[in-house]
Amino acid sequence: MPGREDVFQKAMNDGHSAAWDQEWSKAASAYRRALEEFPDNPKALNSLGQALHQLNEVDQALQIYMRAVQVSPDDPAPTEKISQLSERVGDLKTATEAAVRAGDLFLKQRDTEKALENWTHVTSINPEHAIAHSRLAQVHERLGHAQQAAMEYLAIASILQRAGNAEKTQEMVNKALSLVPNSGEVKQAQTLLRTGQLLPRPLRAKGGTGPIRMAQVKQLQEPTKKSASVLDPIAEARQKALTQLAEVLFDLSDDSPVAQDRKGISAIMRGTGSLSAQSEQMKVVLHLGQAIDAQSKGKETLAVEEMEEAQNAGFSSSALSFNIGYLRSKGERYESAQRALKNSVKHVDYGLASRLLLGDIALRRNALNEAAAEYLEALKFADAAVVPSNQADDLRQQYEPLIETYQQQTDQEALAKACENIRGLLLRADWRDQLHTIRERMPKQESGMVAPLADIILQVQSSSALESMNRINQLARAGNLRSAMEEAFAAVQHAPTYLPLHIVMGDLLAQEGHTEEAIAKFSVVAHSYSVRGEAAQAGKLLRRIIQISPMDFGARNRLIDQLVARGQTDDAIQEYLDLASIHYRLAELDMARKTYTNALRLVQQGSASRDWNVHILQRMADIDMQRLDWKQALRVYEQIRTLAPDDDATHKQLVELNLRMGQPERAMSELESYVTRLENQNKQELAVAFLEELVRDHEEQALIKRAFAALLHRIGRTAEAIPILDQLGEALIEKGDRQGALEVINQIVLMNPPNAQDYRALLAQMQNDL
């Protein structure tokens, strides 16, 4: 049964609208609805693939693009995407095969630039890929790029020589010589051949190390790939950290167009990133690459030294800190390990493993109180991970008096037993199953609250601080706030470090209207949680401060720091945007732009969705326009155009900015480039609407009217084009611009209207009058 065109078109429009708003989940759902009507529609398949890619659903995106290739085998775009995504996941064989095929397809469409780009990228992955070098040599030669073609022929010669084909090797060198007879490289190759020496191996094109490292990480993970359950928390975190470092290396060393876009964004940020200079970034790429290479070969001492060099070069991440902490712990460099793990402990991906490693280090140093506290922190993290999310905060609070008790415990045997029990429970592959089993066997509490597993594992009772908390809450619910505060003051004398008690005191202060005192209390407690590595609890209190006092910029900035430390990059970016919005409403445009710049930098450094780029850049451009900083606005809009090439508004702004800055040639180049893109995509009506709006807004611009008329003529609407040019010619004559009028009349003649002879006569008369 054929699909319904109206349903399909609505779903596609919904998808495009959601994609424009960067709501990629909604976009993907809409494109799937469209495919339900027409499962083999290439446009819908490619759009869904793009949405899934933006959602980081790489495997699903790959499957969709493979379907698109089956449906539309001559379209190079999905084949190129398969190459890029396969490279991303470390499948270099598929990546190179697809890139070669994409290059061939682009060449069929006479897009030599894209063809060369794909084949060159193959040589960045595999410098000895003979087919890619052969394609590059032939096309460069055809385009008259003699030097590039000669270098490719030398690369082919080197590959053939090592394959034992001496005759073909000489033929390739002779070919290079015929193209560039005076080239030093070619003469050197001739000399090496005459003396029976090997030619130099082909060099890896720039940007080729990232995918290689990703493939190495993939090989490291291969033995454990079958099931995540075979990994204990430390091994699982180690694998995740190594993968994230490989992804960072991939991004930093990638020389693809997407990576170039990111470098363009870095330029807009005016070097405000943590990698403040290109030389520093190159150091990071070098050291990370060597670290991953060393770790893949079991050279852990060299690996950790290279990671620390990357850190010294200005690169920081929780993944890097955890890897350093893990390797230093194995090497019994405990102080270095602890410093690194104190950073990674805040991140949700590495919190549990970092606590376990810190406990192990304390245990080896025979610091039993410290070890027990770290293991209890690990158990708190693990226990909260297996209960419903709405009960996790209450559960964490119940652990705090237990941790405080064990920090002051003097019974060494009890401390050692606690460490042994918790370590034995968590440092195993099936720790989640074990926690679920224990929790299922625990008696249900009448209050409906969940009890900490530590009560069973350690066979201890909750501290009296919990009883005090219950009494305080009862008094507060009854409206006896003063009595509740007195009870809290009495309780805090016995449990001064029990932070939930201080939070209750802050709540009581807020209810009594003592806002400043409540904020001060929450700030101190948030700082204490942060120092203890509990970023989630610190973030929760900072949000409470912001709720009480939305203009507290200090709390907002501390909240952003906590979110970044915890790995919640998207949430941190949203907080930056909220903060920038406040500055904007206060007319603090410089502070607003600086905050947007910080947000943009975080997108580049972190694991956040790249969808944020356009969203943030648009707001930066808006501020630049308001400040009349047209030059900076132009740079930002150029970057937006690269990231969102189908956005009419951006192209219109670029045309208008170039006109304002007295750059009509660049304005027309921008206009013609966009119109040509629309025409190539069979979107002539969009091109017409775009130019109509520009003509309305810029009546004085003859070049725009001429471009509009030229477009109408190309799409068969010559009858509409002629009056536009007629009016323009008359206007130019009235202004005394006879040369401009001549060009317009000549344009009419070239359109060959029914009365072309009249225009030829007019043209001849005007030329005689000049």
# chains A, B, ... in the order shown; residues from 1 in each chain; ligands from 1
>>> residues_around(residues="Leu501 in chain A", least_positions_apart="6", cutoff="8 Å", atoms="only C-alpha atoms", output="list in words")
Met469, Ala488, Ala491 and Val492 of chain A
>>> select_by_dssp(residues="range 325-527 of chain A", states="helix (DSSP H, G or I)", output="ChimeraX atom specification")
/A:325-330,334-344,351-364,368-385,389-407,412-426,431-441,454-457,464-477,481-494,499-511,515-527
>>> residues_around(residues="Asn174 in chain A", least_positions_apart="3", cutoff="12 Å", atoms="only C-alpha atoms", output="compact mmCIF listing (two decimals) with N, CA and C atoms, in the first residue's frame")
# COMPACT_ATOMS: atom_id res chain seq x y z
N ALA A 150 52.82 14.74 -8.76
CA ALA A 150 54.13 14.09 -8.70
C ALA A 150 54.37 13.43 -7.35
N MET A 151 53.99 14.09 -6.28
CA MET A 151 54.18 13.51 -4.95
C MET A 151 53.35 12.23 -4.78
N TYR A 153 52.50 10.20 -7.24
CA TYR A 153 53.16 9.16 -8.04
C TYR A 153 54.37 8.59 -7.29
N LEU A 154 55.10 9.43 -6.57
CA LEU A 154 56.21 8.93 -5.76
C LEU A 154 55.72 8.03 -4.64
N ILE A 156 53.05 6.14 -4.77
CA ILE A 156 52.70 4.88 -5.42
C ILE A 156 53.97 4.08 -5.72
N ALA A 157 55.02 4.78 -6.18
CA ALA A 157 56.28 4.11 -6.47
C ALA A 157 56.83 3.41 -5.23
N GLU A 167 59.60 -2.73 -12.17
CA GLU A 167 59.27 -2.08 -13.44
C GLU A 167 58.25 -0.96 -13.24
N LYS A 168 57.19 -1.26 -12.52
CA LYS A 168 56.15 -0.26 -12.27
C LYS A 168 56.69 0.88 -11.38
N THR A 169 57.59 0.53 -10.47
CA THR A 169 58.17 1.56 -9.61
C THR A 169 58.90 2.61 -10.46
N GLN A 170 59.73 2.13 -11.40
CA GLN A 170 60.46 3.05 -12.27
C GLN A 170 59.50 3.87 -13.12
N GLU A 171 58.41 3.23 -13.57
CA GLU A 171 57.42 3.93 -14.40
C GLU A 171 56.79 5.09 -13.63
N LEU A 177 58.70 12.58 -12.77
CA LEU A 177 59.74 13.41 -13.38
C LEU A 177 59.20 14.21 -14.56
N SER A 178 58.30 13.59 -15.34
CA SER A 178 57.74 14.30 -16.49
C SER A 178 56.87 15.48 -16.07
N LEU A 179 56.32 15.40 -14.86
CA LEU A 179 55.45 16.48 -14.38
C LEU A 179 56.26 17.62 -13.78
N VAL A 180 57.28 17.29 -12.99
CA VAL A 180 58.11 18.32 -12.33
C VAL A 180 59.58 17.95 -12.50
N PRO A 181 60.16 18.25 -13.66
CA PRO A 181 61.53 17.83 -13.96
C PRO A 181 62.58 18.36 -12.99
N VAL A 186 61.87 14.29 -6.59
CA VAL A 186 61.86 13.33 -7.68
C VAL A 186 63.28 12.91 -8.03
N LYS A 187 64.21 13.88 -8.06
CA LYS A 187 65.61 13.54 -8.37
C LYS A 187 66.20 12.62 -7.30
N ALA A 189 64.49 10.47 -5.57
CA ALA A 189 63.91 9.15 -5.80
C ALA A 189 64.65 8.41 -6.91
N GLN A 190 65.02 9.14 -7.99
CA GLN A 190 65.78 8.53 -9.08
C GLN A 190 67.13 8.00 -8.58
N LEU A 193 66.71 4.82 -6.55
CA LEU A 193 66.44 3.66 -7.40
C LEU A 193 67.72 3.17 -8.08
>>> atom_distance(atom1="CA of Glu335 in chain A", atom2="CA of Asp360 in chain A")
12.8 Å
>>> residues_around(residues="range 545-553 of chain A", least_positions_apart="2", cutoff="12 Å", atoms="only C-alpha atoms", output="ChimeraX atom specification")
/A:503,506-507,509-511,513-526,538-543,555-560,575-576,578-583,585-586,591,595
>>> residues_around(residues="range 739-747 of chain A", least_positions_apart="4", cutoff="8 Å", atoms="only C-alpha atoms", output="MDAnalysis selection string")
chainID A and resid 706 725:726 728:730 732:733 751 759:760 763 766:767
>>> residues_around(residues="Arg566 in chain A", least_positions_apart="5", cutoff="9 Å", atoms="only C-alpha atoms", output="number ranges by chain")
A: 318, 344-349, 351, 534-536, 561
>>> residues_around(residues="Asn658 in chain A", least_positions_apart="3", cutoff="12 Å", atoms="only C-alpha atoms", output="VMD selection string")
chain A and resid 630 to 635 637 to 638 651 to 655 661 to 671
>>> closest_residue(among="A:Ile403, A:Ala34, A:Leu45, A:Leu694", to="Tyr498 in chain A", atoms="only C-alpha atoms")
A:Ile403
>>> closest_residue(among="A:Leu352, A:Met172, A:Val69, A:Ile292", to="Gln138 in chain A", atoms="only C-alpha atoms")
A:Met172
